[in-house]
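*Asks:* Just dropping this structure here.
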Amino acid sequence: MDKSTYRTENWKEYNQALINRGSLTFWIDEEAISSWLCSEHHGNRGRGYQYSDTAIMTALMVKRLFNLSLRAVQGFMNSVFSLMKVPLTCPNYSSISKRAKTVDIPIKMPARGEIRHLAIDATGLKVFGEGEGEWKMKKHGKEKRRVWRKLHLAVDADTHQVICAELSLSTVTDGEVMPTLLNQTYRQIKSISGDGAYDTRLCYQAIQRKKAQPLIPPRAGAAYWEHGHPRNVAVANQRIHGSNEHWKKTSGYHSRSISETAMSRYKRLLGSALSLRDYNAQVGEAYAAVRALNKLTGLGMPKKT
């Protein structure tokens, strides 16, 4: 295979984007500083919030990006404000923990227009317990008290931006979450892909409501559905060629690998665990990580030739 196919043509810009990922002034910017304090009452009984949702969101993003505990986040951000000579303070660590349960974190970056290909995938994030290394497995066996959450992402295959995200319990299937994911965006979508776990009528109905082309490989030995159903094309292809490989190559399904790449990038840059104990707080923590991932992607991505 010609190696030039994988040559990065914007290496200089991408290299600078990688450097900028660690810039503190990028994460704690003028926009965050100007809206740090809460200017409106929350509408419920009791005293209003001192810190805005932006402050809580920024603290959670810094927590995930630099792998800090909540107490360390407070000390870290206070020192940054001091060095920047900004007359602000970080929310107390207990306030961050409590507000994470209700904070509104928008994950989408400004974007318009039709999405050519939306790739959907899910991965597990552990909540409690240390990592299961080979030595621990040999000495103590599999950890039975491990708690997991599932992070579901819908990624624009062209921009690599996460368009929709959902955190669920580990018992919730991927197919059950797809309709909720698609309801998070009003943009037009040309095609939507997912692996065999999304081969359900519920998923096809959700894709049909979006008026998009479904790109989901049918399960082995799949039967035809009603006449004219878009899934039947993939089933026929499977029966002719004995597998889904030919259909994947001709349909454009392999663009779905972008979602797997996004999952890998998420875990490599932001970790594969959730540290907050309350489920609603874990949702806030996960959404803050997804927003951080979108900001990292927005700095620049490699362009291959």
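Chain identifiers are assigned as A, B, and so on, following the order in which chains appear in the structure tokens; residues are numbered from 1 within each chain, and ligands are numbered from 1 in order of appearance.
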Just the strand (DSSP E) stuff from stretch 162-227 of chain A, please, per backbone DSSP, written as a list in words.

*Replies:*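 Selection result, strand (DSSP E) within stretch 162-227 of chain A: Val162, Ile163, Cys164, Ala165, Glu166, Leu167, Ser168, Leu169, Ile189, Lys190, Ser191, Ile192, Ser193, Gln213, Pro214 and Leu215 of chain A.
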
*Asks:* Next, dump the selected residues to file, keeping only N, CA, C and O atoms, as a compact mmCIF listing (two decimals), in the first residue's frame.

*Replies:*
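Below is the file part-v6.txt, written as the result:
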```txt
# COMPACT_ATOMS: atom_id res chain seq x y z
N VAL A 162 -18.06 15.39 18.58
CA VAL A 162 -19.13 14.62 19.19
C VAL A 162 -20.41 15.47 19.11
O VAL A 162 -20.47 16.56 19.69
N ILE A 163 -21.39 14.98 18.40
CA ILE A 163 -22.64 15.72 18.20
C ILE A 163 -23.64 15.42 19.32
O ILE A 163 -24.35 16.31 19.78
N CYS A 164 -23.69 14.16 19.76
CA CYS A 164 -24.62 13.74 20.80
C CYS A 164 -23.89 12.82 21.77
O CYS A 164 -22.99 12.08 21.38
N ALA A 165 -24.30 12.86 23.03
CA ALA A 165 -23.70 11.99 24.04
C ALA A 165 -24.74 11.62 25.09
O ALA A 165 -25.66 12.39 25.37
N GLU A 166 -24.59 10.44 25.65
CA GLU A 166 -25.51 9.96 26.68
C GLU A 166 -24.76 9.00 27.59
O GLU A 166 -23.99 8.16 27.12
N LEU A 167 -24.95 9.15 28.89
CA LEU A 167 -24.39 8.22 29.87
C LEU A 167 -25.52 7.37 30.41
O LEU A 167 -26.57 7.89 30.79
N SER A 168 -25.33 6.05 30.45
CA SER A 168 -26.39 5.16 30.90
C SER A 168 -25.82 4.12 31.86
O SER A 168 -24.60 3.98 32.01
N LEU A 169 -26.71 3.39 32.50
CA LEU A 169 -26.30 2.25 33.31
C LEU A 169 -25.77 1.16 32.39
O LEU A 169 -26.11 1.10 31.21
N ILE A 189 -29.23 14.77 8.67
CA ILE A 189 -28.19 13.74 8.65
C ILE A 189 -28.40 12.88 7.41
O ILE A 189 -29.51 12.40 7.15
N LYS A 190 -27.32 12.67 6.65
CA LYS A 190 -27.43 11.89 5.42
C LYS A 190 -27.39 10.39 5.72
O LYS A 190 -28.19 9.62 5.17
N SER A 191 -26.47 9.95 6.57
CA SER A 191 -26.39 8.52 6.91
C SER A 191 -25.98 8.36 8.36
O SER A 191 -25.25 9.20 8.91
N ILE A 192 -26.46 7.28 8.98
CA ILE A 192 -26.17 6.98 10.39
C ILE A 192 -25.70 5.54 10.49
O ILE A 192 -26.37 4.63 9.97
N SER A 193 -24.57 5.33 11.13
CA SER A 193 -24.02 3.97 11.23
C SER A 193 -23.84 3.55 12.68
O SER A 193 -23.65 4.37 13.57
N GLN A 213 -30.04 7.54 5.91
CA GLN A 213 -29.77 6.18 5.44
C GLN A 213 -29.14 5.37 6.57
O GLN A 213 -28.13 5.76 7.14
N PRO A 214 -29.73 4.22 6.93
CA PRO A 214 -29.15 3.39 7.98
C PRO A 214 -27.98 2.55 7.45
O PRO A 214 -28.08 1.95 6.39
N LEU A 215 -26.89 2.53 8.18
CA LEU A 215 -25.74 1.71 7.85
C LEU A 215 -25.41 0.83 9.06
O LEU A 215 -24.53 1.13 9.86
```

*Asks:* As a PyMOL selection string, which residues of stretch 19-238 of chain A does DSSP assign to alpha helix (DSSP H)?

*Replies:* chain A and resi 19-20+24-27+30-34+53-65+70-84+93-99+134-140+174-182+201-209+231-238

*Asks:* Could you tell me how far atom CA of A:Gly194 sits from atom CA of A:Ile120, in Å to one decimal place?

*Replies:* 5.1 Å

*Asks:* How far is it from atom CA of A:Ser39 to atom CA of A:Thr54, in Å with one decimal?

*Replies:*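 According to the coordinates, atom CA of A:Ser39 and atom CA of A:Thr54 are separated by 11.5 Å.
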
*Asks:* May I have the residues within 8 Å of A:Pro91 as a PyMOL selection string, using only C-alpha atoms and disregarding those fewer than 3 positions away in the same chain?

*Replies:* chain A and resi 51+55-56+74+95-96

*Asks:* Those same residues, written as a PDB file, in the first residue's frame with N, CA and C atoms?

*Replies:*
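Contents of selection07.pdb, as written:
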```
ATOM      1  N   TYR A  51     -21.566  30.813  42.049  1.00  0.00           N
ATOM      2  CA  TYR A  51     -20.828  30.506  40.831  1.00  0.00           C
ATOM      3  C   TYR A  51     -21.792  30.038  39.733  1.00  0.00           C
ATOM      4  N   ALA A  55     -18.611  28.155  35.560  1.00  0.00           N
ATOM      5  CA  ALA A  55     -17.542  27.904  36.526  1.00  0.00           C
ATOM      6  C   ALA A  55     -17.488  26.426  36.907  1.00  0.00           C
ATOM      7  N   ILE A  56     -18.658  25.834  37.172  1.00  0.00           N
ATOM      8  CA  ILE A  56     -18.705  24.414  37.542  1.00  0.00           C
ATOM      9  C   ILE A  56     -18.245  23.558  36.364  1.00  0.00           C
ATOM     10  N   GLN A  74      -9.614  22.599  43.138  1.00  0.00           N
ATOM     11  CA  GLN A  74      -9.792  23.877  43.822  1.00  0.00           C
ATOM     12  C   GLN A  74      -8.452  24.577  44.026  1.00  0.00           C
ATOM     13  N   SER A  95     -18.990  22.173  46.634  1.00  0.00           N
ATOM     14  CA  SER A  95     -19.961  22.811  45.745  1.00  0.00           C
ATOM     15  C   SER A  95     -19.885  22.206  44.345  1.00  0.00           C
ATOM     16  N   ILE A  96     -18.662  21.928  43.879  1.00  0.00           N
ATOM     17  CA  ILE A  96     -18.511  21.301  42.564  1.00  0.00           C
ATOM     18  C   ILE A  96     -19.188  19.943  42.543  1.00  0.00           C
TER      19      ILE A  96
END
```

*Asks:* What's the 9 Å shell around A:Ser69, counting only C-alpha atoms, without same-chain residues fewer than 6 positions away, as a ChimeraX atom specification?

*Replies:* /A:63,93,275

*Asks:* Can you spit out the residues from that selection as a PDB file, in the first residue's frame, using all heavy atoms?

*Replies:*
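again_1.pdb written:
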```pdb
ATOM      1  N   LYS A  63     -10.688  19.115  35.849  1.00  0.00           N
ATOM      2  CA  LYS A  63     -10.535  17.907  36.660  1.00  0.00           C
ATOM      3  C   LYS A  63     -10.220  16.698  35.789  1.00  0.00           C
ATOM      4  O   LYS A  63      -9.301  15.926  36.060  1.00  0.00           O
ATOM      5  CB  LYS A  63     -11.818  17.646  37.459  1.00  0.00           C
ATOM      6  CG  LYS A  63     -11.841  16.334  38.215  1.00  0.00           C
ATOM      7  CD  LYS A  63     -13.217  16.072  38.791  1.00  0.00           C
ATOM      8  CE  LYS A  63     -13.226  14.807  39.630  1.00  0.00           C
ATOM      9  NZ  LYS A  63     -12.789  13.621  38.867  1.00  0.00           N
ATOM     10  N   TYR A  93     -14.711  22.576  46.619  1.00  0.00           N
ATOM     11  CA  TYR A  93     -14.807  21.216  46.081  1.00  0.00           C
ATOM     12  C   TYR A  93     -16.143  20.560  46.379  1.00  0.00           C
ATOM     13  O   TYR A  93     -16.667  19.793  45.576  1.00  0.00           O
ATOM     14  CB  TYR A  93     -13.656  20.347  46.613  1.00  0.00           C
ATOM     15  CG  TYR A  93     -13.664  20.120  48.101  1.00  0.00           C
ATOM     16  CD1 TYR A  93     -14.362  19.066  48.665  1.00  0.00           C
ATOM     17  CD2 TYR A  93     -12.952  20.967  48.953  1.00  0.00           C
ATOM     18  CE1 TYR A  93     -14.375  18.851  50.035  1.00  0.00           C
ATOM     19  CE2 TYR A  93     -12.952  20.755  50.320  1.00  0.00           C
ATOM     20  CZ  TYR A  93     -13.664  19.702  50.863  1.00  0.00           C
ATOM     21  OH  TYR A  93     -13.672  19.485  52.217  1.00  0.00           O
ATOM     22  N   SER A 275     -15.012   9.353  38.733  1.00  0.00           N
ATOM     23  CA  SER A 275     -14.635   9.365  40.148  1.00  0.00           C
ATOM     24  C   SER A 275     -15.760   9.799  41.083  1.00  0.00           C
ATOM     25  O   SER A 275     -15.735   9.498  42.270  1.00  0.00           O
ATOM     26  CB  SER A 275     -13.423  10.276  40.362  1.00  0.00           C
ATOM     27  OG  SER A 275     -13.734  11.608  40.004  1.00  0.00           O
TER      28      SER A 275
END
```

*Asks:* How many Å separate atom CA of A:Arg256 from atom CA of A:Leu270?

*Replies:*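 Result for atom CA of A:Arg256 versus atom CA of A:Leu270: 21.5 Å, one decimal.
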
*Asks:* Counting only C-alpha atoms, what is within 12 Å of A:Gln282, bar same-chain residues fewer than 4 positions away, as a ChimeraX atom specification?

*Replies:* /A:60,64,96-103,125-128,148-151,166-169,273-278,286-289

*Asks:* Which residues, written as a list in words, have at least one atom at most 10 Å from A:Arg21, with only C-alpha atoms counted and residues fewer than 2 positions away on the same chain left out?

*Replies:*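 The filter keeps Gln16, Ala17, Leu18, Ile19, Ser23, Leu24, Phe26, Trp27, Leu65, Ala292, Lys295, Leu296, Thr297, Leu299 and Gly300 of chain A.
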